[in-house]
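Chemist: My structure file start_14.cif, mmCIF, C-alpha atoms and all ligand atoms, is below:
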data_input
#
loop_
_atom_site.group_PDB
_atom_site.id
_atom_site.type_symbol
_atom_site.label_atom_id
_atom_site.label_comp_id
_atom_site.auth_asym_id
_atom_site.auth_seq_id
_atom_site.Cartn_x
_atom_site.Cartn_y
_atom_site.Cartn_z
ATOM 1 C CA MET A 1 0.000 0.000 0.000
ATOM 2 C CA VAL A 2 1.343 3.427 -0.928
ATOM 3 C CA ARG A 3 0.942 6.233 1.607
ATOM 4 C CA MET A 4 2.973 9.103 3.093
ATOM 5 C CA ARG A 5 5.006 7.831 6.007
ATOM 6 C CA ILE A 6 7.622 9.553 8.160
ATOM 7 C CA ALA A 7 10.339 8.000 5.992
ATOM 8 C CA ASP A 8 9.003 10.019 3.067
ATOM 9 C CA VAL A 9 9.496 13.372 4.861
ATOM 10 C CA GLN A 10 12.290 12.354 7.211
ATOM 11 C CA ASP A 11 14.359 15.487 6.613
ATOM 12 C CA GLN A 12 11.552 17.578 8.196
ATOM 13 C CA ILE A 13 10.499 15.319 11.084
ATOM 14 C CA ASP A 14 12.159 15.341 14.508
ATOM 15 C CA HIS A 15 10.402 12.303 15.965
ATOM 16 C CA GLU A 16 7.199 10.295 15.822
ATOM 17 C CA LEU A 17 4.824 10.638 18.796
ATOM 18 C CA VAL A 18 1.928 8.337 17.887
ATOM 19 C CA SER A 19 2.278 5.598 15.275
ATOM 20 C CA LYS A 20 -0.320 4.656 12.663
ATOM 21 C CA GLU A 21 -0.868 1.372 14.534
ATOM 22 C CA GLU A 22 -1.494 3.210 17.827
ATOM 23 C CA ILE A 23 -3.941 5.587 16.106
ATOM 24 C CA ASP A 24 -5.840 2.648 14.533
ATOM 25 C CA HIS A 25 -5.863 0.747 17.804
ATOM 26 C CA LYS A 26 -7.269 3.661 19.823
ATOM 27 C CA ILE A 27 -9.909 4.559 17.250
ATOM 28 C CA HIS A 28 -11.169 0.967 17.138
ATOM 29 C CA GLU A 29 -11.105 0.662 20.934
ATOM 30 C CA VAL A 30 -13.182 3.837 21.418
ATOM 31 C CA ALA A 31 -15.490 2.994 18.482
ATOM 32 C CA ALA A 32 -16.409 -0.314 20.150
ATOM 33 C CA VAL A 33 -17.401 1.485 23.355
ATOM 34 C CA VAL A 34 -19.325 4.181 21.455
ATOM 35 C CA SER A 35 -21.156 1.531 19.373
ATOM 36 C CA GLU A 36 -22.399 0.000 22.611
ATOM 37 C CA ASP A 37 -23.213 3.338 24.307
ATOM 38 C CA TYR A 38 -25.222 4.576 21.307
ATOM 39 C CA LYS A 39 -26.840 1.332 20.162
ATOM 40 C CA ASP A 40 -30.332 2.670 20.921
ATOM 41 C CA LYS A 41 -29.643 6.225 19.809
ATOM 42 C CA ASP A 42 -29.453 8.002 16.480
ATOM 43 C CA LEU A 43 -25.768 9.001 16.399
ATOM 44 C CA LEU A 44 -24.496 12.149 14.716
ATOM 45 C CA LEU A 45 -20.715 12.367 14.375
ATOM 46 C CA LEU A 46 -19.466 15.917 14.100
ATOM 47 C CA ALA A 47 -16.018 17.105 13.082
ATOM 48 C CA VAL A 48 -14.474 20.528 13.012
ATOM 49 C CA LEU A 49 -12.661 21.087 9.694
ATOM 50 C CA LYS A 50 -10.040 20.430 8.670
ATOM 51 C CA GLY A 51 -7.900 18.771 11.324
ATOM 52 C CA ALA A 52 -10.481 16.256 12.571
ATOM 53 C CA VAL A 53 -11.444 14.926 9.127
ATOM 54 C CA ASN A 54 -9.017 11.979 9.196
ATOM 55 C CA THR A 55 -10.078 11.004 12.713
ATOM 56 C CA LEU A 56 -13.778 11.274 11.852
ATOM 57 C CA ALA A 57 -13.448 9.216 8.666
ATOM 58 C CA ALA A 58 -11.502 6.473 10.438
ATOM 59 C CA PHE A 59 -13.871 6.543 13.405
ATOM 60 C CA ALA A 60 -16.991 6.329 11.232
ATOM 61 C CA GLN A 61 -15.504 3.246 9.547
ATOM 62 C CA ALA A 62 -14.871 1.674 12.950
ATOM 63 C CA VAL A 63 -18.320 1.988 14.575
ATOM 64 C CA SER A 64 -20.718 -0.906 14.128
ATOM 65 C CA ILE A 65 -23.911 1.162 14.291
ATOM 66 C CA PRO A 66 -25.516 3.495 11.726
ATOM 67 C CA ALA A 67 -24.097 6.993 12.112
ATOM 68 C CA GLN A 68 -24.477 10.282 10.296
ATOM 69 C CA MET A 69 -21.655 12.773 9.784
ATOM 70 C CA ASP A 70 -21.539 16.523 9.579
ATOM 71 C CA PHE A 71 -18.833 19.167 9.472
ATOM 72 C CA MET A 72 -18.278 22.681 10.651
ATOM 73 C CA SER A 73 -15.498 25.114 9.940
ATOM 74 C CA LEU A 74 -14.519 27.375 12.819
ATOM 75 C CA SER A 75 -11.950 30.054 13.210
ATOM 76 C CA SER A 76 -10.549 30.326 16.719
ATOM 77 C CA TYR A 77 -6.973 31.344 16.184
ATOM 78 C CA GLY A 78 -5.684 34.867 15.785
ATOM 79 C CA SER A 79 -2.497 35.350 13.852
ATOM 80 C CA GLY A 80 -0.312 33.359 16.248
ATOM 81 C CA THR A 81 -0.388 29.775 17.474
ATOM 82 C CA LYS A 82 -2.732 30.386 20.442
ATOM 83 C CA SER A 83 -6.532 30.355 20.575
ATOM 84 C CA SER A 84 -7.867 33.889 20.637
ATOM 85 C CA GLY A 85 -10.948 32.770 22.578
ATOM 86 C CA THR A 86 -13.204 34.363 19.978
ATOM 87 C CA VAL A 87 -14.795 31.720 17.779
ATOM 88 C CA THR A 88 -16.440 32.508 14.470
ATOM 89 C CA ILE A 89 -18.291 30.101 12.161
ATOM 90 C CA ARG A 90 -16.743 29.944 8.686
ATOM 91 C CA GLN A 91 -19.012 27.160 7.465
ATOM 92 C CA ASP A 92 -21.992 25.870 9.402
ATOM 93 C CA LEU A 93 -23.484 22.382 9.787
ATOM 94 C CA SER A 94 -26.028 21.190 7.227
ATOM 95 C CA THR A 95 -27.970 19.324 9.941
ATOM 96 C CA ASP A 96 -30.627 20.639 12.315
ATOM 97 C CA VAL A 97 -29.219 19.313 15.579
ATOM 98 C CA ARG A 98 -32.408 19.728 17.632
ATOM 99 C CA GLY A 99 -33.022 16.523 19.556
ATOM 100 C CA ARG A 100 -29.894 14.851 18.134
ATOM 101 C CA HIS A 101 -27.299 12.838 20.036
ATOM 102 C CA ILE A 102 -23.984 14.332 18.958
ATOM 103 C CA LEU A 103 -20.488 12.965 19.336
ATOM 104 C CA ILE A 104 -17.864 15.576 18.519
ATOM 105 C CA VAL A 105 -14.801 13.814 17.112
ATOM 106 C CA GLU A 106 -11.718 15.933 17.759
ATOM 107 C CA ASP A 107 -8.180 15.639 16.507
ATOM 108 C CA ILE A 108 -6.570 17.486 19.408
ATOM 109 C CA VAL A 109 -7.639 19.451 22.467
ATOM 110 C CA ASP A 110 -5.187 22.185 23.330
ATOM 111 C CA SER A 111 -6.562 25.143 25.342
ATOM 112 C CA GLY A 112 -10.055 23.672 25.001
ATOM 113 C CA ARG A 113 -11.515 27.049 24.040
ATOM 114 C CA THR A 114 -12.860 26.035 20.627
ATOM 115 C CA LEU A 115 -14.443 22.909 22.034
ATOM 116 C CA ALA A 116 -16.021 24.628 25.048
ATOM 117 C CA TRP A 117 -17.599 27.149 22.696
ATOM 118 C CA LEU A 118 -18.864 24.395 20.355
ATOM 119 C CA VAL A 119 -20.467 22.329 23.131
ATOM 120 C CA GLU A 120 -22.378 25.391 24.366
ATOM 121 C CA GLU A 121 -23.436 26.312 20.826
ATOM 122 C CA LEU A 122 -24.801 22.800 20.116
ATOM 123 C CA LYS A 123 -26.702 22.756 23.407
ATOM 124 C CA ARG A 124 -28.085 26.209 22.648
ATOM 125 C CA ARG A 125 -29.365 24.796 19.334
ATOM 126 C CA GLY A 126 -31.246 22.091 21.230
ATOM 127 C CA ALA A 127 -29.065 18.972 20.873
ATOM 128 C CA ALA A 128 -30.335 16.107 23.050
ATOM 129 C CA SER A 129 -26.786 15.239 24.124
ATOM 130 C CA VAL A 130 -23.259 16.344 23.293
ATOM 131 C CA GLU A 131 -20.207 14.199 24.058
ATOM 132 C CA ILE A 132 -16.579 14.375 22.944
ATOM 133 C CA PHE A 133 -13.955 11.950 21.664
ATOM 134 C CA ALA A 134 -10.493 13.515 21.513
ATOM 135 C CA LEU A 135 -7.779 11.497 19.783
ATOM 136 C CA LEU A 136 -5.070 13.706 21.328
ATOM 137 C CA GLU A 137 -4.961 15.908 24.409
ATOM 138 C CA LYS A 138 -2.312 18.301 25.688
ATOM 139 C CA PRO A 139 -3.212 18.492 29.388
ATOM 140 C CA ALA A 140 -0.442 21.019 30.119
ATOM 141 C CA ARG A 141 -2.098 23.574 27.824
ATOM 142 C CA ARG A 142 -5.709 23.326 29.033
ATOM 143 C CA GLU A 143 -7.222 26.709 29.891
ATOM 144 C CA VAL A 144 -10.925 25.940 30.085
ATOM 145 C CA ASP A 145 -12.751 22.989 31.535
ATOM 146 C CA VAL A 146 -14.265 20.669 28.937
ATOM 147 C CA ASP A 147 -15.748 17.326 29.802
ATOM 148 C CA ILE A 148 -14.159 14.767 27.459
ATOM 149 C CA LYS A 149 -15.938 11.411 27.669
ATOM 150 C CA TYR A 150 -13.812 9.321 25.301
ATOM 151 C CA HIS A 151 -10.052 9.774 25.559
ATOM 152 C CA GLY A 152 -7.279 8.968 23.092
ATOM 153 C CA TYR A 153 -3.643 9.755 23.866
ATOM 154 C CA GLU A 154 -2.138 12.407 26.088
ATOM 155 C CA ILE A 155 0.840 14.149 24.504
ATOM 156 C CA PRO A 156 3.395 16.675 25.791
ATOM 157 C CA ASP A 157 3.229 20.379 25.015
ATOM 158 C CA GLU A 158 4.719 20.144 21.534
ATOM 159 C CA PHE A 159 3.276 21.215 18.201
ATOM 160 C CA VAL A 160 2.374 18.087 16.245
ATOM 161 C CA VAL A 161 1.446 17.317 12.648
ATOM 162 C CA GLY A 162 0.002 14.381 10.768
ATOM 163 C CA PHE A 163 -3.231 12.394 10.552
ATOM 164 C CA GLY A 164 -5.159 15.565 9.679
ATOM 165 C CA LEU A 165 -3.075 18.050 11.643
ATOM 166 C CA ASP A 166 -1.127 20.613 9.651
ATOM 167 C CA TYR A 167 1.698 23.063 9.789
ATOM 168 C CA ASP A 168 0.854 25.774 7.241
ATOM 169 C CA GLU A 169 -1.533 23.297 5.487
ATOM 170 C CA ARG A 170 1.236 20.709 5.106
ATOM 171 C CA PHE A 171 1.607 17.226 6.612
ATOM 172 C CA ARG A 172 -2.159 16.561 6.956
ATOM 173 C CA ASN A 173 -1.736 13.395 4.888
ATOM 174 C CA LEU A 174 1.121 12.001 6.973
ATOM 175 C CA ASP A 175 -0.118 8.625 8.274
ATOM 176 C CA SER A 176 1.138 9.066 11.873
ATOM 177 C CA ILE A 177 1.545 11.919 14.370
ATOM 178 C CA ALA A 178 4.937 13.581 14.662
ATOM 179 C CA VAL A 179 6.922 16.576 15.889
ATOM 180 C CA LEU A 180 8.608 18.719 13.232
ATOM 181 C CA ARG A 181 12.256 19.718 13.209
ATOM 182 C CA PRO A 182 12.749 23.291 14.503
ATOM 183 C CA GLU A 183 14.268 24.326 11.134
ATOM 184 C CA VAL A 184 10.858 23.874 9.518
ATOM 185 C CA TYR A 185 9.464 26.768 11.599
ATOM 186 C CA GLN A 186 12.531 28.965 11.403
ATOM 187 C CA GLY A 187 11.751 32.292 9.841
ATOM 188 C CA ALA A 188 8.015 31.606 9.920
ATOM 189 C CA ASN A 189 7.216 34.104 12.702
ATOM 190 C CA GLU A 190 9.738 36.784 11.820
HETATM 191 P P1 LIG A 201 -7.948 24.925 21.278
HETATM 192 O O1 LIG A 201 -9.164 25.785 21.146
HETATM 193 O O2 LIG A 201 -8.180 23.654 22.062
HETATM 194 O O3 LIG A 201 -6.764 25.686 21.825
HETATM 195 O O4 LIG A 201 -7.509 24.602 19.801
HETATM 196 C C1 LIG A 201 -7.680 23.379 19.245
HETATM 197 C C2 LIG A 201 -7.307 23.405 17.775
HETATM 198 O O5 LIG A 201 -6.033 24.010 17.568
HETATM 199 C C3 LIG A 201 -7.152 21.993 17.272
HETATM 200 O O6 LIG A 201 -8.374 21.453 16.847
HETATM 201 C C4 LIG A 201 -6.133 22.162 16.170
HETATM 202 O O7 LIG A 201 -6.765 22.539 14.982
HETATM 203 C C5 LIG A 201 -5.248 23.296 16.670
HETATM 204 N N1 LIG A 201 -4.064 22.749 17.366
HETATM 205 C C6 LIG A 201 -3.833 22.702 18.690
HETATM 206 N N2 LIG A 201 -2.657 22.099 18.965
HETATM 207 C C7 LIG A 201 -2.128 21.746 17.767
HETATM 208 C C8 LIG A 201 -0.919 21.055 17.386
HETATM 209 O O8 LIG A 201 -0.063 20.629 18.184
HETATM 210 N N3 LIG A 201 -0.740 20.857 16.052
HETATM 211 C C9 LIG A 201 -1.629 21.294 15.106
HETATM 212 N N4 LIG A 201 -1.333 21.050 13.840
HETATM 213 N N5 LIG A 201 -2.778 21.945 15.434
HETATM 214 C C10 LIG A 201 -3.024 22.150 16.751
HETATM 215 MG MG MG A 202 -9.811 20.294 15.846
HETATM 216 MG MG MG A 203 -4.153 24.023 11.608
#
Starting from the coordinates I provided, produce the structure as structure tokens.
Modeler:
Amino acid sequence: MVRMRIADVQDQIDHELVSKEEIDHKIHEVAAVVSEDYKDKDLLLLAVLKGAVNTLAAFAQAVSIPAQMDFMSLSSYGSGTKSSGTVTIRQDLSTDVRGRHILIVEDIVDSGRTLAWLVEELKRRGAASVEIFALLEKPARREVDVDIKYHGYEIPDEFVVGFGLDYDERFRNLDSIAVLRPEVYQGANE
């Protein structure tokens, strides 16, 4: 099978943090639990574009119950690499979420600001329930309290790319999660 692995971009990668096998394993483990928890409910899987697309697609393939999918594009970052706290909707859902049981599938929870805003917004729109699966979490960076029901991997406070996550729109199609070499960023914020 051909795909983009670390070996293909080795000159730009410092080290791998989560392998493709670990990602697959966790997604299938959580999907089994979710399939049981939602067996009598009409499940709506929701991803925030673009980072969570890979996780959502893999997760949807791993659940054993019928599930719908929808997407939303949010802007929560100012010019730098920190959440501004102000969230704006760039592209809204196509689903009326009133009365729906929603599972937000997240790539990574950093400050938690985007997610906290989204949970409140979905509840305000009348969702019957809103839960979260986060493939990655950076506990050291959390600024607001968000109740994550389904956990993936905890990672250190390092900027990661791969499996949907980008640096300047690159590396989203890398098949595992990795830390970039410092040279890749050099000059970027000058
Ligand atoms: P939060 O509102 O939790 O601070 O921001 C979460 C969003 O910021 C994530 O969904 C992701 O898009 C982006 N983000 C946070 N940490 C990282 C990281 O280490 N790498 C990448 N590529 N994006 C990140
Ligand atoms: Mg995200
Ligand atoms: Mg990004």
Chemist: May I have the centre and edge lengths, in Å to one decimal, of an axis-aligned box around the listed atoms of range 51-66 of chain A with 5 Å added to every side, as AutoDock Vina command-line options?
Modeler:
--center_x -16.7 --center_y 8.9 --center_z 11.6 --size_x 27.6 --size_y 29.7 --size_z 15.9
Chemist: Compile the contact shell of Asp40 in chain A as a list in words: residues with an atom at most 12 Å away, counting all atoms listed in the file, same-chain residues fewer than 3 positions apart removed.
Modeler: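 Non-adjacent residues within range: Val34, Ser35, Glu36, Asp37, Leu43, Ile65, Pro66, Ala67 and His101 of chain A.
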Chemist: Tell me which of A:Asn54, A:Ser19, A:Ser94, A:Thr114 sits closest to ligand LIG 201 (chain A), counting all atoms listed in the file.
Modeler: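 With all atoms listed in the file as the atom set, the closest residue is A:Thr114.
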Chemist: Write out as CSV a residue-level contact list of range 170-189 of chain A versus range 153-157 of chain A with cut-off 12 Å: for each qualifying residue the closest pair of atoms and the distance in Å to one decimal, counting all atoms listed in the file, rows sorted by chain and residue number upward.
Modeler:
residue,atom,partner,partner_atom,distance
A:Ile177,CA,A:Ile155,CA,10.4
A:Ala178,CA,A:Ile155,CA,10.7
A:Val179,CA,A:Pro156,CA,10.5
Chemist: Counting all atoms listed in the file, which residues have an atom no more than 8 Å from (-29.9, 25.8, 14.6) in the file's coordinates? Please list them as a PyMOL selection string.
Modeler: chain A and resi 96-98+125-126
Chemist: Carefully work through the PyMOL selection byres (((chain A and resi 176) around 6) and not hetatm) for this structure and note down the residues it includes, as a PyMOL selection string.
Modeler: chain A and resi 19-20+162-163+174-175+177
Chemist: Could you tell me how far CA of Glu106 in chain A sits from CA of Phe133 in chain A, in Å to one decimal place?
Modeler: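 A separation of 6.0 Å between them.
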Chemist: List all protein, DNA and RNA residues that have an atom no more than 12 Å from any atom of ligand MG 202 (chain A), counting all atoms listed in the file, and report them as a PDB file with C-alpha atoms, in the coordinates of the input.
Modeler:
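And here is the file that came out, selection_26.pdb:
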ATOM      1  CA  LEU A  46     -19.466  15.917  14.100  1.00  0.00           C
ATOM      2  CA  ALA A  47     -16.018  17.105  13.082  1.00  0.00           C
ATOM      3  CA  VAL A  48     -14.474  20.528  13.012  1.00  0.00           C
ATOM      4  CA  LEU A  49     -12.661  21.087   9.694  1.00  0.00           C
ATOM      5  CA  LYS A  50     -10.040  20.430   8.670  1.00  0.00           C
ATOM      6  CA  GLY A  51      -7.900  18.771  11.324  1.00  0.00           C
ATOM      7  CA  ALA A  52     -10.481  16.256  12.571  1.00  0.00           C
ATOM      8  CA  VAL A  53     -11.444  14.926   9.127  1.00  0.00           C
ATOM      9  CA  ASN A  54      -9.017  11.979   9.196  1.00  0.00           C
ATOM     10  CA  THR A  55     -10.078  11.004  12.713  1.00  0.00           C
ATOM     11  CA  LEU A  56     -13.778  11.274  11.852  1.00  0.00           C
ATOM     12  CA  PHE A  71     -18.833  19.167   9.472  1.00  0.00           C
ATOM     13  CA  MET A  72     -18.278  22.681  10.651  1.00  0.00           C
ATOM     14  CA  SER A  73     -15.498  25.114   9.940  1.00  0.00           C
ATOM     15  CA  LEU A  74     -14.519  27.375  12.819  1.00  0.00           C
ATOM     16  CA  SER A  75     -11.950  30.054  13.210  1.00  0.00           C
ATOM     17  CA  SER A  76     -10.549  30.326  16.719  1.00  0.00           C
ATOM     18  CA  TYR A  77      -6.973  31.344  16.184  1.00  0.00           C
ATOM     19  CA  SER A  83      -6.532  30.355  20.575  1.00  0.00           C
ATOM     20  CA  ILE A 104     -17.864  15.576  18.519  1.00  0.00           C
ATOM     21  CA  VAL A 105     -14.801  13.814  17.112  1.00  0.00           C
ATOM     22  CA  GLU A 106     -11.718  15.933  17.759  1.00  0.00           C
ATOM     23  CA  ASP A 107      -8.180  15.639  16.507  1.00  0.00           C
ATOM     24  CA  ILE A 108      -6.570  17.486  19.408  1.00  0.00           C
ATOM     25  CA  VAL A 109      -7.639  19.451  22.467  1.00  0.00           C
ATOM     26  CA  ASP A 110      -5.187  22.185  23.330  1.00  0.00           C
ATOM     27  CA  SER A 111      -6.562  25.143  25.342  1.00  0.00           C
ATOM     28  CA  GLY A 112     -10.055  23.672  25.001  1.00  0.00           C
ATOM     29  CA  ARG A 113     -11.515  27.049  24.040  1.00  0.00           C
ATOM     30  CA  THR A 114     -12.860  26.035  20.627  1.00  0.00           C
ATOM     31  CA  LEU A 115     -14.443  22.909  22.034  1.00  0.00           C
ATOM     32  CA  ALA A 116     -16.021  24.628  25.048  1.00  0.00           C
ATOM     33  CA  LEU A 118     -18.864  24.395  20.355  1.00  0.00           C
ATOM     34  CA  ILE A 132     -16.579  14.375  22.944  1.00  0.00           C
ATOM     35  CA  PHE A 133     -13.955  11.950  21.664  1.00  0.00           C
ATOM     36  CA  ALA A 134     -10.493  13.515  21.513  1.00  0.00           C
ATOM     37  CA  LEU A 135      -7.779  11.497  19.783  1.00  0.00           C
ATOM     38  CA  LEU A 136      -5.070  13.706  21.328  1.00  0.00           C
ATOM     39  CA  GLU A 137      -4.961  15.908  24.409  1.00  0.00           C
ATOM     40  CA  PHE A 163      -3.231  12.394  10.552  1.00  0.00           C
ATOM     41  CA  GLY A 164      -5.159  15.565   9.679  1.00  0.00           C
ATOM     42  CA  LEU A 165      -3.075  18.050  11.643  1.00  0.00           C
ATOM     43  CA  ASP A 166      -1.127  20.613   9.651  1.00  0.00           C
TER      44      ASP A 166
END
Chemist: Ranking A:Leu103, A:Thr86, A:Tyr150, A:Glu121 by minimum distance to ligand LIG 201 (chain A) and counting all atoms listed in the file, which one comes first?
Modeler: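 For ligand LIG 201 (chain A), the nearest of the given residues is A:Thr86.
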